[in-house]
Amino acid sequence: IVPCADLEWTPCFDKFSCARLIVPLDYSDTSVGNTTIAYIKLSAAKQPAQDILFNPGGPGGSGVQSVLSSSDRLLQTLGSSYNLIGFDPRSVNNSGPSISCFPNDTASETLFSTQFKRPMNSKSRDSVVRQFELTGAWGDWCSQVHQDDHAKYASTVATAQDLLNYVEKEAVSRGEKAEEAQLWYWGLSYGTVLGATYASLFPDRIGRLILDGVVDSQTYYRGKFGGLGQSDEAVLSFAKDCQSAGKEKCSFYSATAEEIATRMRAVLENLRNDPVPVTNPAVAPLPILITYEDLVFTMFALTYTPVSGFPLLAQIFSDLEHRDGASLAQVLQAEPPTGVYYGGLIACMDMHGAYNISTLEMWEQHIEEVNNKTSWVGDAWSSVALSCRQMKMVPPASQQFHGEPGANQTSFPILFIGNRVDPITPLVEAKKMSTLFKGSALLTQDSVGHASTSSVSECTSHHVQQYLEGYLPPINTTCKVESVPFLTAE
C-alpha cells in the first residue's frame, strides 16, 4: 500500500480496502518530517455510508488487526449501515514512528521477552527487587535507543490529532468542507482515553462518540494505571458461575462458590511454593516451569472475557490441582505475559513523569496499595505503573495533554458504556467520566467482563444503533445479556 497525503483506498484482504495516510509528525511544526498511519475499511453494502472509526484498546492495540479478525462481532453491535474503519494509532503495528527498543533485532527482543515478565510474586523479596531493577533497565535502554529519533511523537494527543486529520481528509474526498468534518468513533478500554482526549481537545467536532469499558482518563494522565476496584468481584464471579453451572459444565465444580474460591487459592499458593514442570513436546516447544506468576496473569486476563474465558480457566485450575500444567502452557504460548509492551511507552509519554516510582521503597508502597485494592490479581498488575521508571521520551508541548479531561458542551452528546462488573475499568469510572462531559449518557450492561463486547446483548446493540441514529438511551438504562459463562457455547 503506497502512502499518500490524501485518502486513497486500495482493495485488500478479500472484502476490505486499505489506505496509508502521510501525516506530519507534529502538526504544529511540519518541518520535523512525516510519518504514516494505516487504515482498513469494511464498507457497508449501501453507499454512501458514514465512517465509524474503531479503537480496540491498549495503548498498543491494532485497529487494523481487530477489524480484520473481528468485524462480524463489531457489526453485530453497530449494525450494517456504516463503514467500519480500523486504524493503527501512532507507533502501533503498521503505523509510524517506530518505538521498538530493539530495531531490526527480533532475536534479542524475543530473548529479553522471556526474561522480562509483567507478573511478579509480591511475597518474594527477590521477585520484587528483580522487577524494580529490570524495569528500570528496560526504561533506560529504550530511552537510549530513542535518544535522537522520532519515537516521542507517539502520544495519545498526537493520535487524537490524527483522528481529526482523517475526518477532514475524508470530508474533502467527498467534496465537503474540512472544517465542518465530524468524528464518528467507537473506542474500547484505552480507546476511551483516546476518545475522551479527542473530545476534550475538539468538543465541537463530534458526530458520535461511543466510549465503552471506560478508563478514568483523569487518573490515567496522572500516571496511575488501572482501576482494580472490581477485579476481585470478577474473579469471584468465576467461582459463582462455575458452581451454578454444575459439574457437567464446569470442570472445577464444588458444591459452593466459597469452596471453589478456597481451592483456587490453594492452587495459587501451591504454585507459588512449587512450580509445575511441563515436559510434553506436543504441548510446549521446550521444557517449561508453570509458575504462580503465570497463573495469576492468565486468571486475570480471562476475567476480561468470561464467556469464553471461564471454561478455559476451570480447565486450567482443575489440571493444576493435579499438578498438570499442559492447559496453561498452551495458553501461555499464545499469550505470553511479557513486560516488553510498546503500548507502555505510549502511556509513559502521555504521563511524562507524573507518577515516577523512583525508589525501591516507593515500589514496595505501590505494591501494598495495589494489594489493598485486590487480594487476587495485584501481582498481575502492579508492575504496569512501574514501566515508566527511567523512560525519558517526552512529547513536544503541542502533543502533551494539559488540564483535566472534560467538556461543558460537545457538538453531540457522548455515549458511555460500562459493565456491572469490569475487572479493569470499574463501572464507577464510566460514571465519573460521564459527569465530566456535560450532557453525555451512560448505558450499563448487566454482565461481568471488560467492555460491552465481552458479552452478547441485543439490548446494548439496540441502544448503540439508536444512538447512531441520534437518540440517547433513557437515564438509568441497564441492558441484560444473552451470553452466560459455561452455558453459552463460544
# chains A, B, ... in the order shown; residues from 1 in each chain; ligands from 1
$ residues_around --residues "Glu335 (chain A)" --least-positions-apart "5" --cutoff "10 Å" --atoms "only C-alpha atoms" --output "VMD selection string"
chain A and resid 297 to 298 301 329 to 330
$ write_last_selection --atoms "C-alpha atoms" --output "short mmCIF file (atom, residue, chain, number, x, y, z; two decimals), in the first residue's frame"
data_model
loop_
_atom_site.label_atom_id
_atom_site.label_comp_id
_atom_site.auth_asym_id
_atom_site.auth_seq_id
_atom_site.Cartn_x
_atom_site.Cartn_y
_atom_site.Cartn_z
CA PHE A 297 -1.57 -13.34 34.95
CA THR A 298 -3.77 -15.74 32.98
CA ALA A 301 -6.68 -11.94 31.67
CA ALA A 329 1.22 -23.95 28.93
CA GLN A 330 -0.89 -23.86 25.76
#
$ residues_around --residues "region 86-92 of chain A" --least-positions-apart "6" --cutoff "8 Å" --atoms "only C-alpha atoms" --output "ChimeraX atom specification"
/A:37-41,53-55,60-67,98-99,151,153-155,158-159,343
$ write_last_selection --atoms "C-alpha atoms" --output "mmCIF file, in the first residue's frame"
data_model
loop_
_atom_site.group_PDB
_atom_site.id
_atom_site.type_symbol
_atom_site.label_atom_id
_atom_site.label_comp_id
_atom_site.auth_asym_id
_atom_site.auth_seq_id
_atom_site.Cartn_x
_atom_site.Cartn_y
_atom_site.Cartn_z
ATOM 1 C CA ILE A 37 -0.861 5.911 9.609
ATOM 2 C CA ALA A 38 -2.528 2.665 8.466
ATOM 3 C CA TYR A 39 -6.286 2.282 7.917
ATOM 4 C CA ILE A 40 -8.558 -0.574 6.910
ATOM 5 C CA LYS A 41 -12.191 -0.238 5.817
ATOM 6 C CA LEU A 53 -13.518 4.666 13.406
ATOM 7 C CA PHE A 54 -12.774 1.867 15.873
ATOM 8 C CA ASN A 55 -10.055 1.512 18.523
ATOM 9 C CA GLY A 60 -0.815 -0.571 21.590
ATOM 10 C CA GLY A 61 -3.945 -2.277 20.248
ATOM 11 C CA SER A 62 -4.169 -2.526 16.457
ATOM 12 C CA GLY A 63 -7.472 -1.401 14.985
ATOM 13 C CA VAL A 64 -6.444 -2.835 11.610
ATOM 14 C CA GLN A 65 -5.943 -6.270 13.182
ATOM 15 C CA SER A 66 -9.220 -6.032 15.149
ATOM 16 C CA VAL A 67 -11.322 -5.116 12.144
ATOM 17 C CA SER A 98 8.751 3.177 15.253
ATOM 18 C CA ILE A 99 9.076 2.841 19.021
ATOM 19 C CA ALA A 151 9.628 7.985 18.967
ATOM 20 C CA TYR A 153 5.805 11.832 18.511
ATOM 21 C CA ALA A 154 3.531 8.954 19.558
ATOM 22 C CA SER A 155 1.399 10.314 22.387
ATOM 23 C CA ALA A 158 -0.924 13.117 18.563
ATOM 24 C CA THR A 159 -3.241 10.206 17.746
ATOM 25 C CA GLY A 343 1.959 0.402 24.360
#
$ select_by_dssp --residues "region 375-445 of chain A" --states "alpha helix (DSSP H)" --output "list in words"
Gly378, Asp379, Ala380, Trp381, Ser383, Val384, Ala385, Leu386, Leu427, Val428, Glu429, Ala430, Lys431, Lys432, Met433, Ser434, Thr435 and Leu436 of chain A
$ closest_residue --among "A:Leu42, A:Phe401, A:Pro485, A:Gly344" --to "Thr10 (chain A)" --atoms "only C-alpha atoms"
A:Leu42
$ atom_distance --atom1 "CA of Ser254 (chain A)" --atom2 "CA of Val456 (chain A)"
27.3 Å
$ select_by_dssp --residues "region 185-264 of chain A" --states "strand (DSSP E)" --output "list in words"
Tyr185, Trp186, Gly187, Leu188, Ile206, Gly207, Arg208, Leu209, Ile210, Leu211 and Asp212 of chain A
$ write_last_selection --atoms "N, CA and C atoms" --output "PDB file, in the first residue's frame"
ATOM      1  N   TYR A 185     -16.977   7.610  16.176  1.00  0.00           N
ATOM      2  CA  TYR A 185     -15.900   6.807  16.783  1.00  0.00           C
ATOM      3  C   TYR A 185     -16.460   5.863  17.840  1.00  0.00           C
ATOM      4  N   TRP A 186     -15.848   4.671  17.901  1.00  0.00           N
ATOM      5  CA  TRP A 186     -16.160   3.713  18.974  1.00  0.00           C
ATOM      6  C   TRP A 186     -14.827   3.243  19.543  1.00  0.00           C
ATOM      7  N   GLY A 187     -14.623   3.499  20.834  1.00  0.00           N
ATOM      8  CA  GLY A 187     -13.368   3.100  21.470  1.00  0.00           C
ATOM      9  C   GLY A 187     -13.627   2.225  22.680  1.00  0.00           C
ATOM     10  N   LEU A 188     -12.824   1.165  22.807  1.00  0.00           N
ATOM     11  CA  LEU A 188     -12.903   0.269  23.965  1.00  0.00           C
ATOM     12  C   LEU A 188     -11.694   0.504  24.861  1.00  0.00           C
ATOM     13  N   ILE A 206     -17.532  16.508  17.109  1.00  0.00           N
ATOM     14  CA  ILE A 206     -18.009  15.163  17.422  1.00  0.00           C
ATOM     15  C   ILE A 206     -19.318  14.891  16.695  1.00  0.00           C
ATOM     16  N   GLY A 207     -19.315  13.828  15.861  1.00  0.00           N
ATOM     17  CA  GLY A 207     -20.560  13.361  15.253  1.00  0.00           C
ATOM     18  C   GLY A 207     -21.229  12.395  16.219  1.00  0.00           C
ATOM     19  N   ARG A 208     -20.534  11.274  16.503  1.00  0.00           N
ATOM     20  CA  ARG A 208     -20.966  10.328  17.540  1.00  0.00           C
ATOM     21  C   ARG A 208     -19.699   9.807  18.220  1.00  0.00           C
ATOM     22  N   LEU A 209     -19.776   9.589  19.535  1.00  0.00           N
ATOM     23  CA  LEU A 209     -18.615   9.081  20.275  1.00  0.00           C
ATOM     24  C   LEU A 209     -19.118   8.040  21.267  1.00  0.00           C
ATOM     25  N   ILE A 210     -18.725   6.781  21.057  1.00  0.00           N
ATOM     26  CA  ILE A 210     -19.124   5.691  21.958  1.00  0.00           C
ATOM     27  C   ILE A 210     -17.877   5.257  22.726  1.00  0.00           C
ATOM     28  N   LEU A 211     -17.899   5.446  24.042  1.00  0.00           N
ATOM     29  CA  LEU A 211     -16.745   5.104  24.880  1.00  0.00           C
ATOM     30  C   LEU A 211     -17.169   3.967  25.802  1.00  0.00           C
ATOM     31  N   ASP A 212     -16.507   2.821  25.637  1.00  0.00           N
ATOM     32  CA  ASP A 212     -17.028   1.539  26.117  1.00  0.00           C
ATOM     33  C   ASP A 212     -15.940   0.799  26.897  1.00  0.00           C
TER      34      ASP A 212
END
$ residues_around --residues "Pro48 (chain A)" --least-positions-apart "2" --cutoff "12 Å" --atoms "only C-alpha atoms" --output "ChimeraX atom specification"
/A:43-46,50-51,81-83,174
$ residues_around --residues "region 166-171 of chain A" --least-positions-apart "5" --cutoff "7 Å" --atoms "only C-alpha atoms" --output "list in words"
Asp6, Leu7, Glu176, Lys177, Ala178, Glu179, Ala181, Gln182 and Leu183 of chain A
$ write_last_selection --atoms "C-alpha atoms" --output "tab-separated table (two decimals), in the first residue's frame"
chain	number	residue	atom	x	y	z
A	6	ASP	CA	-4.70	12.26	0.59
A	7	LEU	CA	-7.03	9.43	1.47
A	176	GLU	CA	-17.20	18.64	1.67
A	177	LYS	CA	-15.53	21.28	3.85
A	178	ALA	CA	-12.68	20.07	6.05
A	179	GLU	CA	-13.54	22.43	8.88
A	181	ALA	CA	-16.00	17.39	9.38
A	182	GLN	CA	-17.00	15.45	12.49
A	183	LEU	CA	-15.69	12.27	14.06
$ residues_around --residues "region 426-434 of chain A" --least-positions-apart "4" --cutoff "9 Å" --atoms "only C-alpha atoms" --output "JSON, numbers by chain"
{"A": [196, 211, 212, 213, 214, 215, 216, 217, 218, 227, 228, 229, 230, 231, 405, 406, 414, 415, 416, 417, 418, 419, 420, 421, 422, 438, 439, 440, 441, 442, 444, 450]}
$ write_last_selection --atoms "C-alpha atoms" --output "CSV table (one decimal), in the first residue's frame"
chain,number,residue,atom,x,y,z
A,196,ALA,CA,-12.0,11.5,25.8
A,211,LEU,CA,-16.7,5.1,24.9
A,212,ASP,CA,-17.0,1.5,26.1
A,213,GLY,CA,-15.2,-0.1,29.1
A,214,VAL,CA,-14.3,3.4,30.4
A,215,VAL,CA,-10.9,4.3,31.8
A,216,ASP,CA,-10.8,7.2,34.2
A,217,SER,CA,-8.7,9.5,31.9
A,218,GLN,CA,-8.0,11.9,34.8
A,227,GLY,CA,-8.9,0.6,38.1
A,228,LEU,CA,-8.9,-2.7,40.1
A,229,GLY,CA,-11.9,-1.8,42.1
A,230,GLN,CA,-14.0,-4.7,40.7
A,231,SER,CA,-11.2,-7.2,39.9
A,405,PRO,CA,-10.4,15.8,30.6
A,406,GLY,CA,-14.0,17.0,30.1
A,414,ILE,CA,-21.1,11.2,24.2
A,415,LEU,CA,-22.4,7.7,25.0
A,416,PHE,CA,-20.5,5.9,27.8
A,417,ILE,CA,-21.0,2.2,28.3
A,418,GLY,CA,-20.0,0.2,31.4
A,419,ASN,CA,-20.5,-3.4,32.6
A,420,ARG,CA,-22.0,-4.0,36.0
A,421,VAL,CA,-18.6,-5.6,36.9
A,422,ASP,CA,-15.5,-4.9,34.9
A,438,LYS,CA,-21.9,17.5,30.3
A,439,GLY,CA,-25.0,16.1,28.5
A,440,SER,CA,-23.5,12.7,28.0
A,441,ALA,CA,-25.4,9.4,28.6
A,442,LEU,CA,-24.4,6.3,30.4
A,444,THR,CA,-25.0,-0.1,31.9
A,450,HIS,CA,-14.2,-5.9,30.1
$ residues_around --residues "Asp379 (chain A)" --least-positions-apart "3" --cutoff "9 Å" --atoms "only C-alpha atoms" --output "number ranges by chain"
A: 118-122, 293, 296-297, 367, 370-371, 376, 382-383
$ decode --residues "region 151-267 of chain A" --atoms "C-alpha atoms" --output "compact mmCIF listing (two decimals), in the first residue's frame"
# COMPACT_ATOMS: atom_id res chain seq x y z
CA ALA A 151 9.63 7.98 18.97
CA LYS A 152 8.48 10.92 21.10
CA TYR A 153 5.80 11.83 18.51
CA ALA A 154 3.53 8.95 19.56
CA SER A 155 1.40 10.31 22.39
CA THR A 156 -2.37 9.96 22.64
CA VAL A 157 -2.78 13.67 21.87
CA ALA A 158 -0.92 13.12 18.56
CA THR A 159 -3.24 10.21 17.75
CA ALA A 160 -6.29 12.37 18.60
CA GLN A 161 -4.96 14.97 16.15
CA ASP A 162 -4.64 12.17 13.57
CA LEU A 163 -8.33 11.34 14.09
CA LEU A 164 -9.29 14.92 13.25
CA ASN A 165 -6.93 14.85 10.27
CA TYR A 166 -8.61 11.65 8.99
CA VAL A 167 -12.16 13.02 9.17
CA GLU A 168 -11.04 16.23 7.45
CA LYS A 169 -9.29 14.31 4.63
CA GLU A 170 -12.32 12.03 4.30
CA ALA A 171 -14.70 15.02 4.06
CA VAL A 172 -12.54 16.64 1.37
CA SER A 173 -12.52 13.39 -0.63
CA ARG A 174 -16.35 13.66 -0.70
CA GLY A 175 -16.23 17.30 -1.77
CA GLU A 176 -17.20 18.64 1.67
CA LYS A 177 -15.53 21.28 3.85
CA ALA A 178 -12.68 20.07 6.05
CA GLU A 179 -13.54 22.43 8.88
CA GLU A 180 -17.08 21.04 9.16
CA ALA A 181 -16.00 17.39 9.38
CA GLN A 182 -17.00 15.45 12.49
CA LEU A 183 -15.69 12.27 14.06
CA TRP A 184 -17.82 9.14 14.47
CA TYR A 185 -15.90 6.81 16.78
CA TRP A 186 -16.16 3.71 18.97
CA GLY A 187 -13.37 3.10 21.47
CA LEU A 188 -12.90 0.27 23.96
CA SER A 189 -10.79 0.46 27.14
CA TYR A 190 -7.75 2.67 26.37
CA GLY A 191 -9.76 3.66 23.29
CA THR A 192 -11.93 5.60 25.76
CA VAL A 193 -8.85 7.61 26.82
CA LEU A 194 -8.22 8.40 23.16
CA GLY A 195 -11.89 9.32 22.70
CA ALA A 196 -12.03 11.47 25.85
CA THR A 197 -8.78 13.18 24.81
CA TYR A 198 -10.25 13.97 21.39
CA ALA A 199 -13.50 15.22 22.96
CA SER A 200 -11.58 17.46 25.39
CA LEU A 201 -9.47 18.96 22.58
CA PHE A 202 -12.16 19.15 19.86
CA PRO A 203 -15.56 19.18 21.64
CA ASP A 204 -17.28 20.78 18.64
CA ARG A 205 -16.01 18.16 16.16
CA ILE A 206 -18.01 15.16 17.42
CA GLY A 207 -20.56 13.36 15.25
CA ARG A 208 -20.97 10.33 17.54
CA LEU A 209 -18.62 9.08 20.28
CA ILE A 210 -19.12 5.69 21.96
CA LEU A 211 -16.75 5.10 24.88
CA ASP A 212 -17.03 1.54 26.12
CA GLY A 213 -15.17 -0.07 29.05
CA VAL A 214 -14.34 3.36 30.37
CA VAL A 215 -10.94 4.30 31.78
CA ASP A 216 -10.79 7.23 34.21
CA SER A 217 -8.75 9.50 31.92
CA GLN A 218 -8.05 11.89 34.77
CA THR A 219 -6.09 9.29 36.76
CA TYR A 220 -4.60 7.90 33.53
CA TYR A 221 -2.93 11.23 32.76
CA ARG A 222 -1.79 11.44 36.38
CA GLY A 223 0.13 8.23 35.85
CA LYS A 224 -1.98 5.84 37.91
CA PHE A 225 -2.69 2.80 35.78
CA GLY A 226 -5.73 0.64 36.00
CA GLY A 227 -8.87 0.56 38.08
CA LEU A 228 -8.88 -2.67 40.06
CA GLY A 229 -11.94 -1.78 42.15
CA GLN A 230 -13.97 -4.68 40.73
CA SER A 231 -11.23 -7.18 39.89
CA ASP A 232 -11.84 -9.39 42.95
CA GLU A 233 -15.56 -9.38 42.20
CA ALA A 234 -14.75 -10.52 38.65
CA VAL A 235 -12.51 -13.35 39.91
CA LEU A 236 -15.12 -14.47 42.44
CA SER A 237 -17.82 -14.40 39.76
CA PHE A 238 -15.86 -17.28 38.19
CA ALA A 239 -16.46 -19.32 41.36
CA LYS A 240 -20.16 -18.36 41.42
CA ASP A 241 -20.70 -19.11 37.73
CA CYS A 242 -18.86 -22.42 37.98
CA GLN A 243 -20.95 -23.52 40.95
CA SER A 244 -24.25 -22.53 39.36
CA ALA A 245 -23.34 -24.16 36.02
CA GLY A 246 -22.95 -27.54 37.72
CA LYS A 247 -20.32 -30.24 37.44
CA GLU A 248 -21.31 -31.32 33.92
CA LYS A 249 -20.49 -27.85 32.61
CA CYS A 250 -17.69 -26.68 34.92
CA SER A 251 -14.66 -28.91 35.38
CA PHE A 252 -13.65 -27.15 38.64
CA TYR A 253 -17.06 -27.57 40.27
CA SER A 254 -17.69 -27.68 44.02
CA ALA A 255 -20.95 -27.57 45.98
CA THR A 256 -20.42 -23.92 46.99
CA ALA A 257 -18.75 -20.90 45.41
CA GLU A 258 -16.75 -20.40 48.64
CA GLU A 259 -15.32 -23.89 48.32
CA ILE A 260 -14.29 -23.19 44.72
CA ALA A 261 -12.56 -19.96 45.80
CA THR A 262 -10.73 -21.82 48.59
CA ARG A 263 -9.48 -24.42 46.10
CA MET A 264 -8.39 -21.66 43.69
CA ARG A 265 -6.37 -20.02 46.47
CA ALA A 266 -4.80 -23.39 47.33
CA VAL A 267 -3.72 -23.97 43.72
